[in-house]
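Shown below: final17.cif, with mmCIF, N, CA and C atoms.
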data_start
loop_
_atom_site.label_atom_id
_atom_site.label_comp_id
_atom_site.auth_asym_id
_atom_site.auth_seq_id
_atom_site.Cartn_x
_atom_site.Cartn_y
_atom_site.Cartn_z
N MET Y 1 0.84 -1.17 0.00
CA MET Y 1 0.00 0.00 0.00
C MET Y 1 0.89 1.24 0.00
N ASP Y 2 0.47 2.23 -0.73
CA ASP Y 2 1.22 3.47 -0.86
C ASP Y 2 1.33 4.17 0.49
N ARG Y 3 2.53 4.51 0.89
CA ARG Y 3 2.79 5.14 2.20
C ARG Y 3 2.09 6.48 2.34
N LYS Y 4 2.04 7.27 1.26
CA LYS Y 4 1.37 8.57 1.31
C LYS Y 4 -0.12 8.42 1.58
N LEU Y 5 -0.72 7.42 0.94
CA LEU Y 5 -2.14 7.16 1.17
C LEU Y 5 -2.36 6.71 2.61
N LEU Y 6 -1.52 5.82 3.09
CA LEU Y 6 -1.65 5.32 4.45
C LEU Y 6 -1.57 6.44 5.47
N ASP Y 7 -0.73 7.42 5.24
CA ASP Y 7 -0.60 8.55 6.16
C ASP Y 7 -1.88 9.39 6.24
N LEU Y 8 -2.72 9.31 5.22
CA LEU Y 8 -3.96 10.10 5.19
C LEU Y 8 -5.17 9.36 5.78
N LEU Y 9 -5.07 8.05 5.88
CA LEU Y 9 -6.23 7.26 6.28
C LEU Y 9 -6.45 7.27 7.78
N CYS Y 10 -7.74 7.22 8.15
CA CYS Y 10 -8.11 7.08 9.55
C CYS Y 10 -9.39 6.25 9.63
N SER Y 11 -9.65 5.74 10.81
CA SER Y 11 -10.86 4.95 11.02
C SER Y 11 -12.09 5.84 10.83
N PRO Y 12 -13.07 5.40 10.04
CA PRO Y 12 -14.27 6.22 9.84
C PRO Y 12 -15.11 6.30 11.11
N ASP Y 13 -14.87 5.41 12.03
CA ASP Y 13 -15.64 5.32 13.28
C ASP Y 13 -15.01 6.17 14.39
N THR Y 14 -13.74 5.94 14.66
CA THR Y 14 -13.07 6.59 15.80
C THR Y 14 -12.12 7.71 15.39
N ARG Y 15 -11.85 7.85 14.10
CA ARG Y 15 -10.92 8.84 13.56
C ARG Y 15 -9.47 8.60 13.99
N GLN Y 16 -9.19 7.40 14.47
CA GLN Y 16 -7.81 7.06 14.82
C GLN Y 16 -7.00 6.79 13.55
N PRO Y 17 -5.71 7.10 13.59
CA PRO Y 17 -4.86 6.75 12.45
C PRO Y 17 -4.83 5.24 12.26
N LEU Y 18 -4.59 4.83 11.03
CA LEU Y 18 -4.51 3.42 10.69
C LEU Y 18 -3.08 3.06 10.28
N ALA Y 19 -2.71 1.82 10.57
CA ALA Y 19 -1.41 1.31 10.17
C ALA Y 19 -1.61 -0.06 9.56
N LEU Y 20 -0.65 -0.49 8.75
CA LEU Y 20 -0.72 -1.84 8.20
C LEU Y 20 -0.64 -2.85 9.33
N LEU Y 21 -1.48 -3.84 9.30
CA LEU Y 21 -1.46 -4.90 10.30
C LEU Y 21 -0.27 -5.81 10.01
N GLU Y 22 0.56 -6.00 11.01
CA GLU Y 22 1.76 -6.82 10.84
C GLU Y 22 1.38 -8.30 10.70
N SER Y 23 2.32 -9.12 10.28
CA SER Y 23 2.04 -10.52 9.96
C SER Y 23 1.54 -11.32 11.17
N ARG Y 24 2.06 -11.04 12.38
CA ARG Y 24 1.57 -11.78 13.57
C ARG Y 24 0.08 -11.53 13.79
N GLY Y 25 -0.33 -10.29 13.68
CA GLY Y 25 -1.74 -9.95 13.85
C GLY Y 25 -2.60 -10.53 12.74
N LEU Y 26 -2.08 -10.47 11.52
CA LEU Y 26 -2.82 -11.01 10.37
C LEU Y 26 -2.98 -12.52 10.50
N ASP Y 27 -1.93 -13.20 10.94
CA ASP Y 27 -2.00 -14.65 11.14
C ASP Y 27 -3.02 -15.02 12.21
N ALA Y 28 -3.01 -14.31 13.34
CA ALA Y 28 -3.95 -14.57 14.42
C ALA Y 28 -5.39 -14.34 13.94
N LEU Y 29 -5.59 -13.27 13.22
CA LEU Y 29 -6.92 -12.95 12.69
C LEU Y 29 -7.39 -14.02 11.71
N ASN Y 30 -6.51 -14.44 10.82
CA ASN Y 30 -6.89 -15.45 9.82
C ASN Y 30 -7.16 -16.81 10.45
N ARG Y 31 -6.46 -17.15 11.53
CA ARG Y 31 -6.78 -18.40 12.25
C ARG Y 31 -8.19 -18.34 12.84
N ALA Y 32 -8.54 -17.20 13.41
CA ALA Y 32 -9.88 -17.03 13.97
C ALA Y 32 -10.94 -17.03 12.87
N ILE Y 33 -10.64 -16.45 11.72
CA ILE Y 33 -11.57 -16.46 10.58
C ILE Y 33 -11.79 -17.90 10.12
N ALA Y 34 -10.71 -18.66 10.01
CA ALA Y 34 -10.82 -20.06 9.57
C ALA Y 34 -11.64 -20.89 10.55
N ALA Y 35 -11.60 -20.52 11.83
CA ALA Y 35 -12.36 -21.23 12.86
C ALA Y 35 -13.81 -20.73 12.94
N GLY Y 36 -14.15 -19.74 12.12
CA GLY Y 36 -15.53 -19.22 12.11
C GLY Y 36 -15.84 -18.33 13.29
N GLN Y 37 -14.84 -17.71 13.88
CA GLN Y 37 -15.03 -16.92 15.10
C GLN Y 37 -15.12 -15.42 14.87
N VAL Y 38 -15.00 -14.97 13.62
CA VAL Y 38 -14.94 -13.53 13.37
C VAL Y 38 -16.18 -13.06 12.63
N ARG Y 39 -16.77 -12.00 13.18
CA ARG Y 39 -17.92 -11.35 12.56
C ARG Y 39 -17.60 -9.88 12.35
N ARG Y 40 -18.17 -9.34 11.31
CA ARG Y 40 -18.03 -7.91 11.02
C ARG Y 40 -18.93 -7.14 11.99
N ALA Y 41 -18.78 -5.83 12.01
CA ALA Y 41 -19.57 -4.98 12.90
C ALA Y 41 -21.06 -5.11 12.63
N ASP Y 42 -21.44 -5.44 11.40
CA ASP Y 42 -22.87 -5.59 11.08
C ASP Y 42 -23.41 -6.97 11.44
N GLY Y 43 -22.57 -7.84 11.99
CA GLY Y 43 -23.00 -9.17 12.40
C GLY Y 43 -22.78 -10.26 11.38
N SER Y 44 -22.41 -9.91 10.16
CA SER Y 44 -22.17 -10.92 9.13
C SER Y 44 -20.80 -11.57 9.36
N PRO Y 45 -20.69 -12.86 9.02
CA PRO Y 45 -19.41 -13.54 9.23
C PRO Y 45 -18.34 -13.09 8.24
N GLN Y 46 -17.11 -13.06 8.69
CA GLN Y 46 -15.97 -12.82 7.80
C GLN Y 46 -15.43 -14.19 7.46
N ALA Y 47 -15.77 -14.68 6.28
CA ALA Y 47 -15.44 -16.05 5.90
C ALA Y 47 -14.14 -16.14 5.09
N VAL Y 48 -13.75 -15.06 4.46
CA VAL Y 48 -12.58 -15.07 3.58
C VAL Y 48 -11.36 -14.56 4.36
N PRO Y 49 -10.26 -15.31 4.34
CA PRO Y 49 -9.05 -14.82 5.02
C PRO Y 49 -8.54 -13.53 4.39
N LEU Y 50 -7.83 -12.75 5.18
CA LEU Y 50 -7.33 -11.46 4.71
C LEU Y 50 -5.88 -11.58 4.25
N ARG Y 51 -5.58 -10.93 3.16
CA ARG Y 51 -4.19 -10.88 2.68
C ARG Y 51 -3.48 -9.64 3.20
N GLU Y 52 -4.28 -8.61 3.45
CA GLU Y 52 -3.73 -7.34 3.94
C GLU Y 52 -4.83 -6.65 4.73
N ALA Y 53 -4.44 -5.91 5.78
CA ALA Y 53 -5.43 -5.23 6.59
C ALA Y 53 -4.81 -4.02 7.28
N LEU Y 54 -5.68 -3.13 7.73
CA LEU Y 54 -5.27 -1.95 8.48
C LEU Y 54 -5.82 -2.06 9.89
N VAL Y 55 -5.06 -1.58 10.86
CA VAL Y 55 -5.47 -1.66 12.26
C VAL Y 55 -5.45 -0.26 12.86
N THR Y 56 -6.38 0.01 13.77
CA THR Y 56 -6.41 1.30 14.45
C THR Y 56 -5.27 1.39 15.46
N ARG Y 57 -4.97 2.59 15.88
CA ARG Y 57 -3.87 2.81 16.83
C ARG Y 57 -4.08 2.02 18.12
N ASP Y 58 -5.32 1.95 18.61
CA ASP Y 58 -5.58 1.22 19.86
C ASP Y 58 -5.72 -0.29 19.64
N ARG Y 59 -5.61 -0.73 18.39
CA ARG Y 59 -5.63 -2.15 17.99
C ARG Y 59 -6.96 -2.83 18.33
N LYS Y 60 -8.04 -2.07 18.35
CA LYS Y 60 -9.35 -2.65 18.64
C LYS Y 60 -10.16 -2.97 17.39
N GLN Y 61 -9.80 -2.35 16.26
CA GLN Y 61 -10.52 -2.59 15.02
C GLN Y 61 -9.55 -2.83 13.87
N VAL Y 62 -10.00 -3.69 12.95
CA VAL Y 62 -9.24 -3.98 11.74
C VAL Y 62 -10.15 -3.75 10.54
N TYR Y 63 -9.59 -3.17 9.51
CA TYR Y 63 -10.29 -2.98 8.24
C TYR Y 63 -9.52 -3.73 7.16
N ARG Y 64 -10.22 -4.49 6.36
CA ARG Y 64 -9.55 -5.27 5.33
C ARG Y 64 -9.13 -4.38 4.16
N VAL Y 65 -8.16 -4.86 3.42
CA VAL Y 65 -7.70 -4.21 2.19
C VAL Y 65 -7.90 -5.22 1.08
N ASP Y 66 -8.74 -4.88 0.11
CA ASP Y 66 -9.02 -5.76 -1.03
C ASP Y 66 -8.30 -5.25 -2.26
N ASP Y 67 -7.38 -6.04 -2.79
CA ASP Y 67 -6.64 -5.68 -4.00
C ASP Y 67 -6.02 -4.28 -3.89
N GLY Y 68 -5.46 -3.97 -2.72
CA GLY Y 68 -4.81 -2.69 -2.51
C GLY Y 68 -5.74 -1.54 -2.17
N ILE Y 69 -7.04 -1.82 -2.06
CA ILE Y 69 -8.02 -0.77 -1.77
C ILE Y 69 -8.56 -0.98 -0.36
N PRO Y 70 -8.35 -0.01 0.56
CA PRO Y 70 -8.88 -0.14 1.91
C PRO Y 70 -10.40 -0.09 1.91
N VAL Y 71 -11.02 -1.01 2.65
CA VAL Y 71 -12.47 -1.03 2.78
C VAL Y 71 -12.79 -0.39 4.13
N LEU Y 72 -13.01 0.93 4.11
CA LEU Y 72 -13.20 1.68 5.34
C LEU Y 72 -14.67 1.96 5.60
N LEU Y 73 -15.41 0.89 5.76
CA LEU Y 73 -16.83 0.97 6.07
C LEU Y 73 -17.02 0.52 7.51
N VAL Y 74 -17.70 1.34 8.32
CA VAL Y 74 -17.89 1.03 9.74
C VAL Y 74 -18.52 -0.34 9.91
N GLU Y 75 -19.50 -0.67 9.09
CA GLU Y 75 -20.21 -1.94 9.23
C GLU Y 75 -19.36 -3.16 8.86
N GLU Y 76 -18.22 -2.96 8.21
CA GLU Y 76 -17.36 -4.07 7.83
C GLU Y 76 -16.10 -4.18 8.70
N ALA Y 77 -16.00 -3.35 9.71
CA ALA Y 77 -14.85 -3.41 10.62
C ALA Y 77 -14.87 -4.73 11.39
N LEU Y 78 -13.69 -5.21 11.73
CA LEU Y 78 -13.55 -6.44 12.51
C LEU Y 78 -12.99 -6.08 13.88
N ALA Y 79 -13.70 -6.43 14.93
CA ALA Y 79 -13.23 -6.16 16.29
C ALA Y 79 -12.18 -7.19 16.67
N THR Y 80 -11.04 -6.73 17.12
CA THR Y 80 -9.96 -7.65 17.49
C THR Y 80 -10.26 -8.39 18.79
N ALA Y 81 -11.23 -7.93 19.56
CA ALA Y 81 -11.60 -8.61 20.80
C ALA Y 81 -12.13 -10.03 20.51
N GLN Y 82 -12.53 -10.29 19.28
CA GLN Y 82 -13.03 -11.62 18.89
C GLN Y 82 -11.90 -12.63 18.76
N VAL Y 83 -10.67 -12.15 18.71
CA VAL Y 83 -9.51 -13.00 18.45
C VAL Y 83 -8.72 -13.16 19.76
N ALA Y 84 -8.82 -14.34 20.35
CA ALA Y 84 -8.22 -14.58 21.67
C ALA Y 84 -6.73 -14.30 21.70
N ASP Y 85 -6.00 -14.64 20.66
CA ASP Y 85 -4.55 -14.48 20.67
C ASP Y 85 -4.07 -13.31 19.81
N PHE Y 86 -4.91 -12.28 19.65
CA PHE Y 86 -4.51 -11.12 18.85
C PHE Y 86 -3.41 -10.37 19.60
N PRO Y 87 -2.27 -10.13 18.95
CA PRO Y 87 -1.15 -9.48 19.65
C PRO Y 87 -1.46 -8.03 20.02
N SER Y 88 -1.00 -7.61 21.17
CA SER Y 88 -1.28 -6.25 21.64
C SER Y 88 -0.42 -5.20 20.94
N ALA Y 89 0.71 -5.60 20.43
CA ALA Y 89 1.53 -4.64 19.69
C ALA Y 89 2.57 -5.34 18.85
#

Mind turning this structure into structure tokens?
Amino acid sequence: MDRKLLDLLCSPDTRQPLALLESRGLDALNRAIAAGQVRRADGSPQAVPLREALVTRDRKQVYRVDDGIPVLLVEEALATAQVADFPSA
């Protein structure tokens, strides 16, 4: 993802800055997705594993990136509290 674009992005919900989710966090999230434990903010299941994602500064929400395009919709945010082993930093 383009660094200049990333510097401009923020959570549409909390207005916190977003950063690329590191591989440990992405792996933990994808394990929970594979186990059927992850739901989006609107209650629908997240069934497809993520290749890339953005995380809020407080690490409470994740937004997926599809083909290099951030999906910054409040209803599609993933709460990290659903992932038991989500790394704190």

For the file shown, report as a list of chain:residue names the outcome of the PyMOL selection byres (((chain Y and resi 42 and name CA) around 7) and name CA) at residue level.
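Given this file, the PyMOL selection byres (((chain Y and resi 42 and name CA) around 7) and name CA) evaluates to Y:Arg40, Y:Ala41, Y:Gly43, Y:Ser44, Y:Glu75, Y:Glu76.
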
Mind checking DSSP for chain Y and telling me the strand (DSSP E) residues as a list in words?
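Filtering chain Y down to strand (DSSP E) leaves Leu18, Ala19, Leu20, Ala53, Leu54, Val55, Thr56, Gln61, Val62, Tyr63, Arg64, Val65, Asp66, Ile69, Pro70, Leu78 and Ala79 of chain Y.
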
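A straight line drawn from atom CA of Y:Pro17 to atom C of Y:Val74 is 15.6 Å long.
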
Considering all atoms listed in the file, state which residue in the set Y:Val55, Y:Ala77, Y:Arg31, Y:Arg64 is at the smallest distance from Y:Leu18.
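The closest residue to Y:Leu18 is Y:Val55.
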
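Take atom CA of Y:Val38 and atom N of Y:Gln82: the distance between them is 7.2 Å.
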
Figure out the distance between atom CA of Y:Thr56 and atom N of Y:Gln16, please, to one decimal in Å.
6.7 Å

Nearest-residue call for Y:Ile33, choices Y:Val83, Y:Leu54, Y:Val71, Y:Ala89, using all atoms listed in the file
Y:Val83

Using all atoms listed in the file, can you list as a PDB file with N, CA and C atoms, in the frame of the given file the residues within 6 Å of (-4.2, -7.6, 9.2)?
ATOM      1  N   LEU Y  20      -0.650  -0.490   8.750  1.00  0.00           N
ATOM      2  CA  LEU Y  20      -0.720  -1.840   8.200  1.00  0.00           C
ATOM      3  C   LEU Y  20      -0.640  -2.850   9.330  1.00  0.00           C
ATOM      4  N   LEU Y  21      -1.480  -3.840   9.300  1.00  0.00           N
ATOM      5  CA  LEU Y  21      -1.460  -4.900  10.300  1.00  0.00           C
ATOM      6  C   LEU Y  21      -0.270  -5.810  10.010  1.00  0.00           C
ATOM      7  N   GLU Y  22       0.560  -6.000  11.010  1.00  0.00           N
ATOM      8  CA  GLU Y  22       1.760  -6.820  10.840  1.00  0.00           C
ATOM      9  C   GLU Y  22       1.380  -8.300  10.700  1.00  0.00           C
ATOM     10  N   GLY Y  25      -0.330 -10.290  13.680  1.00  0.00           N
ATOM     11  CA  GLY Y  25      -1.740  -9.950  13.850  1.00  0.00           C
ATOM     12  C   GLY Y  25      -2.600 -10.530  12.740  1.00  0.00           C
ATOM     13  N   LEU Y  26      -2.080 -10.470  11.520  1.00  0.00           N
ATOM     14  CA  LEU Y  26      -2.820 -11.010  10.370  1.00  0.00           C
ATOM     15  C   LEU Y  26      -2.980 -12.520  10.500  1.00  0.00           C
ATOM     16  N   GLU Y  52      -4.280  -8.610   3.450  1.00  0.00           N
ATOM     17  CA  GLU Y  52      -3.730  -7.340   3.940  1.00  0.00           C
ATOM     18  C   GLU Y  52      -4.830  -6.650   4.730  1.00  0.00           C
ATOM     19  N   ALA Y  53      -4.440  -5.910   5.780  1.00  0.00           N
ATOM     20  CA  ALA Y  53      -5.430  -5.230   6.590  1.00  0.00           C
ATOM     21  C   ALA Y  53      -4.810  -4.020   7.280  1.00  0.00           C
ATOM     22  N   LEU Y  54      -5.680  -3.130   7.730  1.00  0.00           N
ATOM     23  CA  LEU Y  54      -5.270  -1.950   8.480  1.00  0.00           C
ATOM     24  C   LEU Y  54      -5.820  -2.060   9.890  1.00  0.00           C
TER      25      LEU Y  54
END

Hey, what comes out of the PyMOL selection byres (((chain Y and resi 47 and name CA) around 7) and name CA) on this file? Could you write it as a ChimeraX atom specification?
/Y:33,36,45-46,48-49

Could you dump the residues just selected with N, CA and C atoms as a PDB file, in the coordinates of the input?
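Contents of part-v3.pdb, as written:
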ATOM      1  N   ILE Y  33     -10.640 -16.450  11.720  1.00  0.00           N
ATOM      2  CA  ILE Y  33     -11.570 -16.460  10.580  1.00  0.00           C
ATOM      3  C   ILE Y  33     -11.790 -17.900  10.120  1.00  0.00           C
ATOM      4  N   GLY Y  36     -14.150 -19.740  12.120  1.00  0.00           N
ATOM      5  CA  GLY Y  36     -15.530 -19.220  12.110  1.00  0.00           C
ATOM      6  C   GLY Y  36     -15.840 -18.330  13.290  1.00  0.00           C
ATOM      7  N   PRO Y  45     -20.690 -12.860   9.020  1.00  0.00           N
ATOM      8  CA  PRO Y  45     -19.410 -13.540   9.230  1.00  0.00           C
ATOM      9  C   PRO Y  45     -18.340 -13.090   8.240  1.00  0.00           C
ATOM     10  N   GLN Y  46     -17.110 -13.060   8.690  1.00  0.00           N
ATOM     11  CA  GLN Y  46     -15.970 -12.820   7.800  1.00  0.00           C
ATOM     12  C   GLN Y  46     -15.430 -14.190   7.460  1.00  0.00           C
ATOM     13  N   VAL Y  48     -13.750 -15.060   4.460  1.00  0.00           N
ATOM     14  CA  VAL Y  48     -12.580 -15.070   3.580  1.00  0.00           C
ATOM     15  C   VAL Y  48     -11.360 -14.560   4.360  1.00  0.00           C
ATOM     16  N   PRO Y  49     -10.260 -15.310   4.340  1.00  0.00           N
ATOM     17  CA  PRO Y  49      -9.050 -14.820   5.020  1.00  0.00           C
ATOM     18  C   PRO Y  49      -8.540 -13.530   4.390  1.00  0.00           C
TER      19      PRO Y  49
END

Up to 10 Å from (-16.4, 6.3, 13.1) in the file's coordinates: name the residues, counting only C-alpha atoms, as a count of residues only.
11

List every residue of chain Y that DSSP, applied to the backbone of this structure, assigns to alpha helix (DSSP H), and report them as number ranges by chain.
Y: 3-8, 23-34

Atoms to include: N, CA and C atoms. Write the selected residues as a compact mmCIF listing (two decimals), in the coordinates of the input.
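Contents of again.txt, as written:
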# COMPACT_ATOMS: atom_id res chain seq x y z
N ARG Y 3 2.53 4.51 0.89
CA ARG Y 3 2.79 5.14 2.20
C ARG Y 3 2.09 6.48 2.34
N LYS Y 4 2.04 7.27 1.26
CA LYS Y 4 1.37 8.57 1.31
C LYS Y 4 -0.12 8.42 1.58
N LEU Y 5 -0.72 7.42 0.94
CA LEU Y 5 -2.14 7.16 1.17
C LEU Y 5 -2.36 6.71 2.61
N LEU Y 6 -1.52 5.82 3.09
CA LEU Y 6 -1.65 5.32 4.45
C LEU Y 6 -1.57 6.44 5.47
N ASP Y 7 -0.73 7.42 5.24
CA ASP Y 7 -0.60 8.55 6.16
C ASP Y 7 -1.88 9.39 6.24
N LEU Y 8 -2.72 9.31 5.22
CA LEU Y 8 -3.96 10.10 5.19
C LEU Y 8 -5.17 9.36 5.78
N SER Y 23 2.32 -9.12 10.28
CA SER Y 23 2.04 -10.52 9.96
C SER Y 23 1.54 -11.32 11.17
N ARG Y 24 2.06 -11.04 12.38
CA ARG Y 24 1.57 -11.78 13.57
C ARG Y 24 0.08 -11.53 13.79
N GLY Y 25 -0.33 -10.29 13.68
CA GLY Y 25 -1.74 -9.95 13.85
C GLY Y 25 -2.60 -10.53 12.74
N LEU Y 26 -2.08 -10.47 11.52
CA LEU Y 26 -2.82 -11.01 10.37
C LEU Y 26 -2.98 -12.52 10.50
N ASP Y 27 -1.93 -13.20 10.94
CA ASP Y 27 -2.00 -14.65 11.14
C ASP Y 27 -3.02 -15.02 12.21
N ALA Y 28 -3.01 -14.31 13.34
CA ALA Y 28 -3.95 -14.57 14.42
C ALA Y 28 -5.39 -14.34 13.94
N LEU Y 29 -5.59 -13.27 13.22
CA LEU Y 29 -6.92 -12.95 12.69
C LEU Y 29 -7.39 -14.02 11.71
N ASN Y 30 -6.51 -14.44 10.82
CA ASN Y 30 -6.89 -15.45 9.82
C ASN Y 30 -7.16 -16.81 10.45
N ARG Y 31 -6.46 -17.15 11.53
CA ARG Y 31 -6.78 -18.40 12.25
C ARG Y 31 -8.19 -18.34 12.84
N ALA Y 32 -8.54 -17.20 13.41
CA ALA Y 32 -9.88 -17.03 13.97
C ALA Y 32 -10.94 -17.03 12.87
N ILE Y 33 -10.64 -16.45 11.72
CA ILE Y 33 -11.57 -16.46 10.58
C ILE Y 33 -11.79 -17.90 10.12
N ALA Y 34 -10.71 -18.66 10.01
CA ALA Y 34 -10.82 -20.06 9.57
C ALA Y 34 -11.64 -20.89 10.55

For stretch 9-24 of chain Y, supply N, CA, C and O atoms and report the output as an mmCIF file, in the frame of the given file.
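Final output, saved to result.cif:
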data_model
loop_
_atom_site.group_PDB
_atom_site.id
_atom_site.type_symbol
_atom_site.label_atom_id
_atom_site.label_comp_id
_atom_site.auth_asym_id
_atom_site.auth_seq_id
_atom_site.Cartn_x
_atom_site.Cartn_y
_atom_site.Cartn_z
ATOM 1 N N LEU Y 9 -5.070 8.050 5.880
ATOM 2 C CA LEU Y 9 -6.230 7.260 6.280
ATOM 3 C C LEU Y 9 -6.450 7.270 7.780
ATOM 4 O O LEU Y 9 -5.517 7.292 8.573
ATOM 5 N N CYS Y 10 -7.740 7.220 8.150
ATOM 6 C CA CYS Y 10 -8.110 7.080 9.550
ATOM 7 C C CYS Y 10 -9.390 6.250 9.630
ATOM 8 O O CYS Y 10 -10.098 6.070 8.644
ATOM 9 N N SER Y 11 -9.650 5.740 10.810
ATOM 10 C CA SER Y 11 -10.860 4.950 11.020
ATOM 11 C C SER Y 11 -12.090 5.840 10.830
ATOM 12 O O SER Y 11 -12.146 6.937 11.396
ATOM 13 N N PRO Y 12 -13.070 5.400 10.040
ATOM 14 C CA PRO Y 12 -14.270 6.220 9.840
ATOM 15 C C PRO Y 12 -15.110 6.300 11.110
ATOM 16 O O PRO Y 12 -15.939 7.192 11.261
ATOM 17 N N ASP Y 13 -14.870 5.410 12.030
ATOM 18 C CA ASP Y 13 -15.640 5.320 13.280
ATOM 19 C C ASP Y 13 -15.010 6.170 14.390
ATOM 20 O O ASP Y 13 -15.655 7.038 14.965
ATOM 21 N N THR Y 14 -13.740 5.940 14.660
ATOM 22 C CA THR Y 14 -13.070 6.590 15.800
ATOM 23 C C THR Y 14 -12.120 7.710 15.390
ATOM 24 O O THR Y 14 -11.600 8.399 16.259
ATOM 25 N N ARG Y 15 -11.850 7.850 14.100
ATOM 26 C CA ARG Y 15 -10.920 8.840 13.560
ATOM 27 C C ARG Y 15 -9.470 8.600 13.990
ATOM 28 O O ARG Y 15 -8.635 9.482 13.891
ATOM 29 N N GLN Y 16 -9.190 7.400 14.470
ATOM 30 C CA GLN Y 16 -7.810 7.060 14.820
ATOM 31 C C GLN Y 16 -7.000 6.790 13.550
ATOM 32 O O GLN Y 16 -7.534 6.258 12.590
ATOM 33 N N PRO Y 17 -5.710 7.100 13.590
ATOM 34 C CA PRO Y 17 -4.860 6.750 12.450
ATOM 35 C C PRO Y 17 -4.830 5.240 12.260
ATOM 36 O O PRO Y 17 -5.011 4.474 13.217
ATOM 37 N N LEU Y 18 -4.590 4.830 11.030
ATOM 38 C CA LEU Y 18 -4.510 3.420 10.690
ATOM 39 C C LEU Y 18 -3.080 3.060 10.280
ATOM 40 O O LEU Y 18 -2.367 3.886 9.722
ATOM 41 N N ALA Y 19 -2.710 1.820 10.570
ATOM 42 C CA ALA Y 19 -1.410 1.310 10.170
ATOM 43 C C ALA Y 19 -1.610 -0.060 9.560
ATOM 44 O O ALA Y 19 -2.618 -0.739 9.824
ATOM 45 N N LEU Y 20 -0.650 -0.490 8.750
ATOM 46 C CA LEU Y 20 -0.720 -1.840 8.200
ATOM 47 C C LEU Y 20 -0.640 -2.850 9.330
ATOM 48 O O LEU Y 20 0.192 -2.698 10.237
ATOM 49 N N LEU Y 21 -1.480 -3.840 9.300
ATOM 50 C CA LEU Y 21 -1.460 -4.900 10.300
ATOM 51 C C LEU Y 21 -0.270 -5.810 10.010
ATOM 52 O O LEU Y 21 -0.118 -6.302 8.888
ATOM 53 N N GLU Y 22 0.560 -6.000 11.010
ATOM 54 C CA GLU Y 22 1.760 -6.820 10.840
ATOM 55 C C GLU Y 22 1.380 -8.300 10.700
ATOM 56 O O GLU Y 22 0.256 -8.695 10.995
ATOM 57 N N SER Y 23 2.320 -9.120 10.280
ATOM 58 C CA SER Y 23 2.040 -10.520 9.960
ATOM 59 C C SER Y 23 1.540 -11.320 11.170
ATOM 60 O O SER Y 23 0.680 -12.168 11.015
ATOM 61 N N ARG Y 24 2.060 -11.040 12.380
ATOM 62 C CA ARG Y 24 1.570 -11.780 13.570
ATOM 63 C C ARG Y 24 0.080 -11.530 13.790
ATOM 64 O O ARG Y 24 -0.675 -12.456 14.066
#
